[in-house]
>>> print(open('data-v5.txt').read())   # compact mmCIF, C-alpha atoms and all ligand atoms
# COMPACT_ATOMS: atom_id res chain seq x y z
CA MET U 1 89.32 56.26 7.17
CA LYS U 2 87.11 54.14 9.44
CA SER U 3 88.17 50.62 10.29
CA ILE U 4 85.13 48.32 10.41
CA THR U 5 84.48 45.09 12.26
CA LEU U 6 81.52 43.27 10.76
CA LEU U 7 79.74 40.53 12.73
CA GLY U 8 77.48 38.43 10.50
CA ALA U 9 79.43 39.27 7.33
CA THR U 10 77.96 36.41 5.27
CA GLY U 11 74.31 37.37 5.97
CA SER U 12 71.91 39.66 4.16
CA ILE U 13 72.86 42.80 6.13
CA GLY U 14 76.52 41.72 6.21
CA LEU U 15 76.80 41.43 2.43
CA GLN U 16 75.03 44.74 1.89
CA THR U 17 77.42 46.36 4.39
CA LEU U 18 80.27 45.01 2.27
CA ASP U 19 78.70 46.64 -0.82
CA VAL U 20 78.77 49.98 1.02
CA ILE U 21 82.38 49.46 2.15
CA ALA U 22 83.43 48.50 -1.40
CA GLU U 23 81.80 51.61 -2.82
CA HIS U 24 83.83 53.92 -0.55
CA PRO U 25 87.37 52.51 -0.31
CA ASP U 26 88.64 55.97 0.68
CA GLN U 27 86.29 56.07 3.71
CA PHE U 28 86.12 52.50 5.02
CA LYS U 29 88.43 49.55 5.50
CA LEU U 30 87.16 46.11 6.53
CA TYR U 31 89.26 45.17 9.56
CA ALA U 32 87.57 42.03 10.92
CA ILE U 33 84.71 39.68 10.12
CA ALA U 34 82.73 37.05 11.99
CA PHE U 35 80.25 34.63 10.47
CA GLY U 36 78.55 31.30 11.16
CA ARG U 37 78.72 28.35 8.76
CA ASN U 38 78.73 29.80 5.25
CA ILE U 39 82.32 28.93 4.33
CA LYS U 40 81.90 29.65 0.61
CA LYS U 41 80.72 33.23 1.14
CA ALA U 42 83.33 33.79 3.86
CA GLN U 43 86.09 32.67 1.48
CA GLU U 44 84.87 35.12 -1.18
CA ILE U 45 84.86 37.94 1.39
CA ILE U 46 88.36 37.06 2.61
CA ASN U 47 89.69 36.94 -0.97
CA LYS U 48 88.15 40.29 -1.86
CA PHE U 49 88.70 42.33 1.34
CA ASN U 50 91.69 40.68 3.06
CA PRO U 51 90.48 41.43 6.60
CA ALA U 52 93.17 41.33 9.30
CA LYS U 53 91.03 39.16 11.59
CA VAL U 54 88.54 36.41 10.88
CA VAL U 55 86.41 34.97 13.68
CA VAL U 56 85.27 31.37 13.15
CA LEU U 57 82.97 29.19 15.24
CA ASP U 58 85.33 26.20 15.40
CA GLU U 59 88.53 24.56 14.12
CA THR U 60 86.78 22.70 11.28
CA ILE U 61 85.65 25.97 9.73
CA ARG U 62 89.09 27.49 10.17
CA GLN U 63 90.69 24.56 8.34
CA ALA U 64 88.25 24.87 5.44
CA LEU U 65 89.36 28.46 4.74
CA GLN U 66 92.37 29.55 2.73
CA ILE U 67 94.40 32.66 3.35
CA HIS U 68 96.64 34.10 0.61
CA ASN U 69 98.45 36.76 2.63
CA SER U 70 100.73 36.88 5.64
CA TYR U 71 98.70 39.11 7.95
CA THR U 72 95.18 37.62 8.25
CA THR U 73 94.78 35.81 11.55
CA PHE U 74 91.99 33.59 12.87
CA LEU U 75 90.18 33.77 16.19
CA VAL U 76 88.10 30.80 17.25
CA GLY U 77 84.95 30.57 19.37
CA LYS U 78 82.11 32.68 20.68
CA GLU U 79 84.30 34.79 23.00
CA ALA U 80 86.25 35.96 19.95
CA LEU U 81 83.19 38.00 18.92
CA GLN U 82 83.90 40.13 21.97
CA GLU U 83 87.61 40.22 21.35
CA VAL U 84 87.24 41.75 17.86
CA SER U 85 84.56 44.13 19.13
CA ALA U 86 86.99 45.47 21.74
CA ASP U 87 90.01 45.47 19.41
CA PRO U 88 91.84 48.83 19.44
CA ASN U 89 91.85 48.74 15.61
CA THR U 90 88.05 48.57 15.45
CA ASP U 91 86.54 52.05 14.95
CA VAL U 92 83.02 50.93 14.06
CA LEU U 93 81.29 47.71 15.03
CA VAL U 94 78.53 46.62 12.65
CA ASN U 95 76.54 44.01 14.54
CA ALA U 96 74.59 42.07 11.92
CA VAL U 97 74.45 38.62 13.45
CA MET U 98 71.07 37.00 13.78
CA GLY U 99 69.79 36.46 17.31
CA SER U 100 70.69 37.10 20.92
CA VAL U 101 74.16 35.58 20.33
CA GLY U 102 75.18 39.17 19.48
CA LEU U 103 74.46 40.54 22.97
CA GLU U 104 77.86 40.27 24.65
CA ALA U 105 79.62 41.70 21.58
CA THR U 106 77.36 44.76 21.68
CA LEU U 107 78.00 45.27 25.39
CA THR U 108 81.75 44.87 24.94
CA ALA U 109 81.86 47.36 22.07
CA ILE U 110 79.96 49.87 24.21
CA GLU U 111 82.41 49.43 27.09
CA HIS U 112 85.24 50.15 24.63
CA ARG U 113 83.43 53.24 23.32
CA LYS U 114 83.14 52.05 19.72
CA GLN U 115 80.77 53.58 17.24
CA ILE U 116 78.07 50.91 16.86
CA ALA U 117 75.83 50.31 13.87
CA ILE U 118 73.20 47.96 15.21
CA ALA U 119 71.15 45.68 12.96
CA ASN U 120 70.99 42.89 15.56
CA LYS U 121 67.61 43.88 17.06
CA GLU U 122 67.36 40.73 19.22
CA THR U 123 70.14 42.26 21.37
CA LEU U 124 67.90 45.21 22.23
CA VAL U 125 64.84 43.05 22.76
CA THR U 126 66.45 40.52 25.07
CA ALA U 127 68.44 42.99 27.20
CA GLY U 128 67.47 46.53 26.21
CA HIS U 129 67.91 47.94 29.72
CA LEU U 130 71.47 46.59 30.02
CA VAL U 131 72.45 47.83 26.57
CA MET U 132 70.99 51.32 27.05
CA ASP U 133 72.38 51.69 30.59
CA ALA U 134 75.83 50.85 29.25
CA ALA U 135 75.40 53.18 26.26
CA ASP U 136 74.48 56.04 28.66
CA LYS U 137 77.34 55.24 31.02
CA TYR U 138 80.00 55.13 28.29
CA GLU U 139 78.32 57.87 26.21
CA VAL U 140 78.11 55.74 23.10
CA ASP U 141 75.60 56.30 20.29
CA LEU U 142 73.83 53.24 18.98
CA LEU U 143 73.21 54.01 15.32
CA PRO U 144 70.21 52.07 14.00
CA VAL U 145 70.48 50.01 10.83
CA ASP U 146 66.89 48.75 10.90
CA SER U 147 65.14 50.87 8.25
CA GLU U 148 62.27 51.98 10.52
CA HIS U 149 64.63 53.04 13.30
CA SER U 150 66.97 54.78 10.90
CA ALA U 151 63.91 56.67 9.63
CA ILE U 152 62.93 57.71 13.16
CA PHE U 153 66.51 58.60 14.01
CA GLN U 154 66.61 60.87 10.96
CA ALA U 155 63.16 62.34 11.65
CA LEU U 156 64.19 63.11 15.25
CA ASN U 157 67.37 64.87 14.23
CA GLY U 158 68.08 67.61 16.73
CA GLU U 159 64.63 67.62 18.39
CA SER U 160 63.92 66.98 22.04
CA TYR U 161 62.20 63.67 22.82
CA ARG U 162 59.88 65.52 25.20
CA ASP U 163 58.17 67.28 22.30
CA ILE U 164 57.02 64.09 20.63
CA ASN U 165 53.42 62.87 20.55
CA LYS U 166 54.20 59.50 19.03
CA ILE U 167 56.37 57.38 16.81
CA VAL U 168 54.64 55.60 13.94
CA LEU U 169 56.32 52.44 12.66
CA THR U 170 55.22 51.22 9.25
CA ALA U 171 54.79 47.52 8.47
CA SER U 172 54.66 46.03 4.98
CA GLY U 173 52.54 43.14 6.27
CA GLY U 174 54.99 40.42 5.21
CA SER U 175 54.39 37.43 2.95
CA PHE U 176 50.94 36.62 4.36
CA ARG U 177 49.40 40.08 4.60
CA ASP U 178 46.50 39.16 2.30
CA LYS U 179 45.75 35.83 3.97
CA SER U 180 43.07 35.26 6.59
CA ARG U 181 43.88 33.26 9.75
CA GLU U 182 42.11 30.25 8.25
CA GLU U 183 44.34 30.46 5.18
CA LEU U 184 47.43 30.44 7.41
CA LEU U 185 46.70 26.88 8.52
CA GLY U 186 48.32 25.26 5.49
CA VAL U 187 51.18 27.65 4.67
CA THR U 188 54.66 26.24 4.00
CA VAL U 189 58.18 27.46 4.74
CA ALA U 190 58.65 28.33 1.04
CA ASP U 191 55.45 30.46 1.10
CA ALA U 192 56.64 32.30 4.22
CA LEU U 193 60.06 33.04 2.73
CA LYS U 194 58.57 35.07 -0.16
CA HIS U 195 58.64 38.62 1.20
CA PRO U 196 56.90 41.13 -1.11
CA ASN U 197 59.33 44.08 -0.70
CA TRP U 198 62.61 43.11 0.98
CA SER U 199 65.17 40.37 0.45
CA MET U 200 66.39 39.38 3.92
CA GLY U 201 67.71 36.48 6.01
CA ALA U 202 65.35 33.54 6.64
CA LYS U 203 64.60 34.26 10.32
CA ILE U 204 63.59 37.90 9.83
CA THR U 205 61.50 36.97 6.78
CA ILE U 206 59.48 34.54 8.93
CA ASP U 207 59.30 37.22 11.66
CA SER U 208 57.86 39.59 9.05
CA ALA U 209 55.21 37.06 8.04
CA SER U 210 54.16 36.52 11.69
CA MET U 211 54.45 40.29 12.43
CA MET U 212 56.85 39.44 15.25
CA ASN U 213 59.43 41.48 13.38
CA LYS U 214 57.32 44.58 13.95
CA GLY U 215 56.83 43.52 17.57
CA LEU U 216 60.59 43.26 18.06
CA GLU U 217 60.90 46.66 16.38
CA VAL U 218 58.41 48.20 18.84
CA ILE U 219 60.66 47.06 21.71
CA GLU U 220 63.76 48.19 19.78
CA ALA U 221 62.19 51.66 19.31
CA HIS U 222 61.24 51.83 23.00
CA TRP U 223 64.88 51.40 23.99
CA LEU U 224 66.64 53.32 21.23
CA PHE U 225 64.44 56.39 21.54
CA ASN U 226 63.47 56.17 25.21
CA MET U 227 59.81 56.11 24.18
CA PRO U 228 56.92 54.73 26.28
CA TYR U 229 54.98 51.92 24.57
CA GLU U 230 51.81 54.04 24.58
CA LYS U 231 53.56 56.42 22.19
CA ILE U 232 54.63 53.76 19.70
CA GLU U 233 52.07 52.98 17.02
CA VAL U 234 52.22 50.51 14.14
CA ILE U 235 50.33 50.96 10.88
CA GLN U 236 50.33 48.82 7.78
CA HIS U 237 51.84 50.41 4.66
CA LYS U 238 52.26 47.81 1.98
CA GLU U 239 54.65 49.68 -0.33
CA SER U 240 57.45 50.17 2.30
CA ILE U 241 58.15 53.68 0.95
CA ILE U 242 57.55 55.64 4.15
CA HIS U 243 60.00 53.89 6.42
CA SER U 244 58.53 55.37 9.62
CA MET U 245 57.58 58.75 11.09
CA VAL U 246 57.44 60.96 14.15
CA GLU U 247 54.51 63.15 15.20
CA TYR U 248 55.56 66.19 17.23
CA ALA U 249 53.62 68.09 19.90
CA ASP U 250 52.30 70.53 17.30
CA LYS U 251 50.98 67.59 15.17
CA SER U 252 53.64 68.16 12.58
CA VAL U 253 54.72 64.79 11.17
CA ILE U 254 58.21 64.14 9.87
CA ALA U 255 58.68 60.97 7.84
CA GLN U 256 61.63 59.47 6.01
CA LEU U 257 60.97 58.04 2.56
CA GLY U 258 62.91 56.05 0.01
CA THR U 259 62.84 52.95 -2.15
CA PRO U 260 63.25 49.79 -0.05
CA ASP U 261 67.05 49.34 0.00
CA MET U 262 68.85 48.39 3.22
CA ARG U 263 72.13 49.82 1.93
CA VAL U 264 70.77 53.31 2.61
CA PRO U 265 70.26 52.92 6.39
CA ILE U 266 73.43 50.79 6.63
CA GLN U 267 75.49 53.52 5.00
CA TYR U 268 73.90 56.26 7.12
CA ALA U 269 74.85 54.37 10.29
CA LEU U 270 78.44 54.22 9.01
CA THR U 271 78.73 57.85 7.87
CA TYR U 272 76.51 59.66 10.43
CA PRO U 273 76.34 62.65 10.76
CA GLN U 274 77.54 62.95 7.14
CA ARG U 275 75.88 61.57 4.02
CA LEU U 276 77.71 60.06 1.07
CA SER U 277 76.49 59.17 -2.42
CA LEU U 278 75.30 55.61 -2.96
CA SER U 279 75.34 54.70 -6.63
CA SER U 280 73.47 51.43 -6.25
CA SER U 281 70.37 52.99 -4.67
CA LYS U 282 67.47 54.18 -6.85
CA SER U 283 65.73 57.56 -6.64
CA LEU U 284 62.18 57.45 -5.35
CA ASP U 285 59.68 58.27 -8.09
CA LEU U 286 56.42 59.11 -6.34
CA VAL U 287 54.67 60.00 -9.58
CA GLU U 288 55.44 56.57 -10.95
CA MET U 289 54.25 55.02 -7.66
CA GLY U 290 51.00 56.96 -7.97
CA GLU U 291 49.47 55.74 -4.72
CA LEU U 292 50.59 54.80 -1.21
CA HIS U 293 48.31 52.75 1.04
CA PHE U 294 47.84 52.72 4.82
CA SER U 295 45.64 50.63 7.08
CA LYS U 296 45.16 49.82 10.75
CA MET U 297 47.02 46.84 12.23
CA ASP U 298 44.70 44.11 13.44
CA LEU U 299 46.14 42.59 16.64
CA ASN U 300 43.76 39.61 16.40
CA ARG U 301 45.07 38.83 12.94
CA PHE U 302 48.66 39.31 14.10
CA PRO U 303 48.84 38.16 17.76
CA CYS U 304 52.67 38.19 17.79
CA LEU U 305 52.59 41.98 17.62
CA ASP U 306 50.29 41.96 20.64
CA PHE U 307 52.64 39.56 22.52
CA ALA U 308 55.54 41.94 21.91
CA TYR U 309 53.62 44.96 23.25
CA GLN U 310 52.66 42.88 26.31
CA ALA U 311 56.23 41.66 26.86
CA GLY U 312 57.61 45.17 26.44
CA LYS U 313 55.09 46.73 28.83
CA THR U 314 55.61 43.95 31.40
CA GLY U 315 59.37 44.48 31.17
CA GLY U 316 61.81 42.56 33.37
CA SER U 317 62.70 39.20 31.87
CA MET U 318 59.54 38.92 29.73
CA PRO U 319 61.11 40.34 26.55
CA THR U 320 63.94 37.78 26.93
CA VAL U 321 61.31 35.04 27.03
CA LEU U 322 59.50 36.48 24.01
CA ASN U 323 62.73 36.60 22.03
CA ALA U 324 64.10 33.20 23.02
CA ALA U 325 60.75 31.48 22.38
CA ASN U 326 60.44 33.22 19.03
CA GLU U 327 63.99 32.38 17.89
CA THR U 328 63.47 28.72 18.83
CA ALA U 329 60.00 28.46 17.31
CA VAL U 330 61.08 30.09 14.04
CA ASP U 331 64.01 27.69 13.81
CA LEU U 332 61.64 24.74 14.36
CA PHE U 333 59.34 26.09 11.64
CA LEU U 334 62.26 26.57 9.22
CA HIS U 335 63.18 22.93 9.85
CA GLU U 336 59.55 21.93 9.18
CA GLN U 337 59.08 20.56 12.68
CA ILE U 338 56.10 22.76 13.53
CA THR U 339 53.43 24.61 11.55
CA PHE U 340 53.42 28.36 11.04
CA LEU U 341 50.62 28.98 13.55
CA GLU U 342 52.40 26.90 16.19
CA ILE U 343 55.03 29.65 16.36
CA GLU U 344 52.59 31.95 18.14
CA ASN U 345 51.28 29.17 20.41
CA ILE U 346 54.80 28.40 21.58
CA ILE U 347 55.55 32.05 22.33
CA GLU U 348 52.26 32.60 24.14
CA HIS U 349 52.75 29.48 26.25
CA ALA U 350 56.33 30.47 27.17
CA MET U 351 55.16 33.93 28.27
CA LEU U 352 52.14 32.66 30.22
CA THR U 353 54.21 30.13 32.18
CA HIS U 354 57.12 32.47 32.97
CA ASN U 355 57.61 33.94 36.45
CA ASN U 356 58.78 37.41 35.56
CA ILE U 357 62.00 38.71 37.12
CA GLN U 358 62.43 42.46 37.40
CA ASN U 359 65.65 44.13 36.29
CA PRO U 360 67.50 40.91 35.34
CA ASN U 361 71.29 41.05 35.04
CA LEU U 362 73.27 39.50 32.19
CA GLU U 363 73.68 36.17 33.95
CA THR U 364 69.93 35.89 34.60
CA ILE U 365 69.12 36.85 31.02
CA ASN U 366 71.48 34.23 29.63
CA ALA U 367 70.08 31.58 31.99
CA ILE U 368 66.46 32.36 31.04
CA ASP U 369 67.34 32.44 27.35
CA LEU U 370 68.90 28.98 27.61
CA GLU U 371 66.09 27.55 29.73
CA ILE U 372 63.36 28.70 27.34
CA ARG U 373 65.22 27.29 24.32
CA SER U 374 65.83 23.92 26.02
CA LYS U 375 62.22 23.53 27.18
CA ILE U 376 60.82 24.22 23.72
CA ASN U 377 63.37 22.03 21.97
CA GLU U 378 62.65 19.16 24.38
CA SER U 379 58.95 19.34 23.59
CA TYR U 380 59.14 19.71 19.81
CA ARG U 381 62.40 18.30 18.39
P1 LIG T 401 71.07 36.42 7.98
O1 LIG T 401 70.51 35.14 8.48
O2 LIG T 401 71.07 36.68 6.52
O3 LIG T 401 72.57 36.58 8.49
C1 LIG T 401 72.93 36.29 9.81
C2 LIG T 401 74.44 36.37 9.92
O4 LIG T 401 74.83 36.01 11.24
C3 LIG T 401 75.16 35.39 8.98
O5 LIG T 401 76.36 35.98 8.56
C4 LIG T 401 75.44 34.21 9.89
O6 LIG T 401 76.51 33.40 9.45
C5 LIG T 401 75.81 34.97 11.16
N1 LIG T 401 75.76 34.18 12.37
C6 LIG T 401 74.76 33.40 12.81
N2 LIG T 401 75.10 32.82 13.99
C7 LIG T 401 76.36 33.26 14.28
C8 LIG T 401 77.27 33.01 15.34
N3 LIG T 401 76.97 32.19 16.35
N4 LIG T 401 78.48 33.64 15.32
C9 LIG T 401 78.80 34.46 14.31
N5 LIG T 401 77.97 34.74 13.27
C10 LIG T 401 76.78 34.13 13.26
O7 LIG T 401 70.32 37.58 8.76
P2 LIG T 401 70.05 39.09 8.31
O8 LIG T 401 71.27 39.67 7.72
O9 LIG T 401 68.79 39.16 7.57
O10 LIG T 401 69.77 39.75 9.73
C11 LIG T 401 70.80 40.02 10.67
C12 LIG T 401 70.25 40.89 11.77
O11 LIG T 401 69.82 42.14 11.20
C13 LIG T 401 69.02 40.30 12.47
O12 LIG T 401 69.03 40.69 13.81
C14 LIG T 401 67.86 40.98 11.75
O13 LIG T 401 66.72 41.08 12.56
C15 LIG T 401 68.45 42.35 11.48
N6 LIG T 401 67.86 43.06 10.35
C16 LIG T 401 67.92 42.54 9.09
C17 LIG T 401 67.35 43.21 8.01
C18 LIG T 401 67.48 42.68 6.62
O14 LIG T 401 67.08 43.37 5.67
N7 LIG T 401 68.03 41.50 6.40
C19 LIG T 401 66.63 44.47 8.20
C20 LIG T 401 66.67 44.96 9.56
C21 LIG T 401 67.25 44.27 10.58
P3 LIG T 401 76.33 32.18 8.39
O15 LIG T 401 75.30 32.59 7.39
O16 LIG T 401 77.70 32.09 7.82
O17 LIG T 401 75.94 30.97 9.17
MG MG T 402 62.83 46.77 9.94
>>> encode(input="data-v5.txt", output="structure tokens")
Amino acid sequence: MKSITLLGATGSIGLQTLDVIAEHPDQFKLYAIAFGRNIKKAQEIINKFNPAKVVVLDETIRQALQIHNSYTTFLVGKEALQEVSADPNTDVLVNAVMGSVGLEATLTAIEHRKQIAIANKETLVTAGHLVMDAADKYEVDLLPVDSEHSAIFQALNGESYRDINKIVLTASGGSFRDKSREELLGVTVADALKHPNWSMGAKITIDSASMMNKGLEVIEAHWLFNMPYEKIEVIQHKESIIHSMVEYADKSVIAQLGTPDMRVPIQYALTYPQRLSLSSSKSLDLVEMGELHFSKMDLNRFPCLDFAYQAGKTGGSMPTVLNAANETAVDLFLHEQITFLEIENIIEHAMLTHNNIQNPNLETINAIDLEIRSKINESYR
């Protein structure tokens, strides 16, 4: 029986993780949750799963929640994310919060040698070197939840990284894949939130439309699989059936396929190296699909992907800048304070005006993250 601590329980990945936990009550027990402001969902989760610990942002949220047992306790504040991640009763940490707020929790869980299922890709983008150094030092596996990275992880099973020609990440193209740059001028938040294949949180849906999501995934793949950027390729594949692939030295390609359902990679990260049944997921019917499509990614059409490659190759503090500028710009867009195309202008400007710092420590990363967010918010809010 694995005892699970779930950060971001009320979100898209969080709720699907709870589906997986509920399907296997003999394998998993929900020990602790953390969430942001969705009190209604949190109350439903507490009523159904009775977690022993509930992390809340502040006192107001704590007072809005009702507990019907004698053993659930509350922890308040950002530091409590680390406390539950280090808790001796936590076997597996599922980090499914949105944004770089998840960084310290990931680092703490590594230091306490927890099994970590990582959905929170911003953690790896903003401080990949710190996370991977710690994972090496404490000999902890980071098990990917992101579908592309789960696919690569599965395709790599047992093989040496040295024998790999390249990793190929597939991209659905997001909500605006059929629109020209001119057509992007007038798009609205509602348009951007309509993803063709996946139902996800708002921020990652906008990232998919701008192709920044794939950019963040390139950096995530670089760190998780110790792969140089030159060996990470992105191609467009609109059906999201091939979740990603690996080409080996002998040109043999191993891909992982399946219907688009995040519960599959979530469950694999929880059960690895075993597999369990998953009744809610559908079998892939390739005959019914008939055709799969692939095309080249156009970096002029999707400059955010180019920015991410540049930030990743530059290294140092540049990926922190990319991530902080993107998180802030997407939030401004979601609040209708900037247009969709301004997202990329803001990121480009932040990167161009940044004096890069090599090998930044946690303090420097947090300071840069804050500085970038404040500068952008001062200019646009
Ligand atoms: P959502 O926006 O749906 O959920 C985010 C979760 O984080 C919510 O539970 C939210 O709480 C919580 N949260 C936000 N801020 C805080 C905070 N300060 N402290 C504690 N909890 C907080 O996002 P997704 O589930 O879509 O994505 C989560 C992560 O997984 C992201 O990094 C994303 O890139 C990644 N991912 C998501 C995929 C998907 O299919 N959704 C696929 C692959 C990766 P509340 O809602 O209560 O405010
Ligand atoms: Mg993905």
>>> residues_near_ligand(input="data-v5.txt", ligand="ligand LIG 401 (chain T)", cutoff="7 Å", atoms="all atoms listed in the file", output="number ranges by chain")
U: 7-14, 34-39, 57, 78, 96-99, 101, 119-122, 145-147, 198-204, 262
>>> residues_near_ligand(input="data-v5.txt", ligand="ligand MG 402 (chain T)", cutoff="8 Å", atoms="all atoms listed in the file", output="count of residues only")
7
>>> closest_residue(input="data-v5.txt", among="U:Leu30, U:Met297, U:Leu224, U:Leu370", to="Gly128 of chain U", atoms="only C-alpha atoms")
U:Leu224
>>> closest_residue(input="data-v5.txt", among="U:Thr170, U:Thr60, U:Ser175, U:Asn47", to="Ile232 of chain U", atoms="all atoms listed in the file")
U:Thr170
>>> closest_residue(input="data-v5.txt", among="U:Leu107, U:Ile164, U:Val20, U:Leu169", to="Lys137 of chain U", atoms="all atoms listed in the file")
U:Leu107
>>> residues_around(input="data-v5.txt", residues="Thr205 of chain U", least_positions_apart="3", cutoff="8 Å", atoms="all atoms listed in the file", output="PDB file with C-alpha atoms, in the coordinates of the input")
ATOM      1  CA  GLY U 174      54.990  40.420   5.210  1.00  0.00           C
ATOM      2  CA  ALA U 192      56.640  32.300   4.220  1.00  0.00           C
ATOM      3  CA  LEU U 193      60.060  33.040   2.730  1.00  0.00           C
ATOM      4  CA  LYS U 194      58.570  35.070  -0.160  1.00  0.00           C
ATOM      5  CA  HIS U 195      58.640  38.620   1.200  1.00  0.00           C
ATOM      6  CA  MET U 200      66.390  39.380   3.920  1.00  0.00           C
ATOM      7  CA  GLY U 201      67.710  36.480   6.010  1.00  0.00           C
ATOM      8  CA  ALA U 202      65.350  33.540   6.640  1.00  0.00           C
ATOM      9  CA  SER U 208      57.860  39.590   9.050  1.00  0.00           C
ATOM     10  CA  ALA U 209      55.210  37.060   8.040  1.00  0.00           C
TER      11      ALA U 209
END
>>> atom_distance(input="data-v5.txt", atom1="atom CA of Leu286 of chain U", atom2="atom CA of Glu233 of chain U")
24.5 Å
>>> decode(input="data-v5.txt", residues="segment 311-325 of chain U", atoms="N, CA and C atoms", output="PDB file, in the first residue's frame")
ATOM      1  N   ALA U 311      16.550  29.499 -24.688  1.00  0.00           N
ATOM      2  CA  ALA U 311      16.746  29.602 -23.231  1.00  0.00           C
ATOM      3  C   ALA U 311      17.444  28.341 -22.721  1.00  0.00           C
ATOM      4  N   GLY U 312      17.012  27.196 -23.200  1.00  0.00           N
ATOM      5  CA  GLY U 312      17.601  25.930 -22.757  1.00  0.00           C
ATOM      6  C   GLY U 312      19.073  25.855 -23.140  1.00  0.00           C
ATOM      7  N   LYS U 313      19.378  26.208 -24.391  1.00  0.00           N
ATOM      8  CA  LYS U 313      20.778  26.127 -24.853  1.00  0.00           C
ATOM      9  C   LYS U 313      21.653  27.160 -24.135  1.00  0.00           C
ATOM     10  N   THR U 314      21.103  28.338 -23.859  1.00  0.00           N
ATOM     11  CA  THR U 314      21.867  29.366 -23.136  1.00  0.00           C
ATOM     12  C   THR U 314      22.134  28.889 -21.710  1.00  0.00           C
ATOM     13  N   GLY U 315      21.136  28.255 -21.105  1.00  0.00           N
ATOM     14  CA  GLY U 315      21.295  27.717 -19.748  1.00  0.00           C
ATOM     15  C   GLY U 315      21.380  28.818 -18.713  1.00  0.00           C
ATOM     16  N   GLY U 316      22.027  28.530 -17.576  1.00  0.00           N
ATOM     17  CA  GLY U 316      22.118  29.501 -16.485  1.00  0.00           C
ATOM     18  C   GLY U 316      20.730  29.897 -16.013  1.00  0.00           C
ATOM     19  N   SER U 317      20.541  31.222 -15.844  1.00  0.00           N
ATOM     20  CA  SER U 317      19.253  31.691 -15.329  1.00  0.00           C
ATOM     21  C   SER U 317      18.235  31.950 -16.440  1.00  0.00           C
ATOM     22  N   MET U 318      18.629  31.762 -17.715  1.00  0.00           N
ATOM     23  CA  MET U 318      17.698  32.098 -18.809  1.00  0.00           C
ATOM     24  C   MET U 318      16.400  31.280 -18.786  1.00  0.00           C
ATOM     25  N   PRO U 319      16.443  29.971 -18.500  1.00  0.00           N
ATOM     26  CA  PRO U 319      15.176  29.242 -18.431  1.00  0.00           C
ATOM     27  C   PRO U 319      14.262  29.741 -17.305  1.00  0.00           C
ATOM     28  N   THR U 320      14.847  30.247 -16.208  1.00  0.00           N
ATOM     29  CA  THR U 320      14.042  30.825 -15.128  1.00  0.00           C
ATOM     30  C   THR U 320      13.293  32.051 -15.649  1.00  0.00           C
ATOM     31  N   VAL U 321      14.002  32.857 -16.454  1.00  0.00           N
ATOM     32  CA  VAL U 321      13.398  34.064 -17.024  1.00  0.00           C
ATOM     33  C   VAL U 321      12.275  33.673 -17.989  1.00  0.00           C
ATOM     34  N   LEU U 322      12.567  32.714 -18.849  1.00  0.00           N
ATOM     35  CA  LEU U 322      11.555  32.227 -19.800  1.00  0.00           C
ATOM     36  C   LEU U 322      10.294  31.814 -19.039  1.00  0.00           C
ATOM     37  N   ASN U 323      10.489  31.011 -18.000  1.00  0.00           N
ATOM     38  CA  ASN U 323       9.332  30.475 -17.280  1.00  0.00           C
ATOM     39  C   ASN U 323       8.570  31.561 -16.524  1.00  0.00           C
ATOM     40  N   ALA U 324       9.300  32.421 -15.821  1.00  0.00           N
ATOM     41  CA  ALA U 324       8.616  33.458 -15.026  1.00  0.00           C
ATOM     42  C   ALA U 324       7.870  34.428 -15.947  1.00  0.00           C
ATOM     43  N   ALA U 325       8.499  34.802 -17.060  1.00  0.00           N
ATOM     44  CA  ALA U 325       7.844  35.721 -18.003  1.00  0.00           C
ATOM     45  C   ALA U 325       6.612  35.058 -18.601  1.00  0.00           C
TER      46      ALA U 325
END
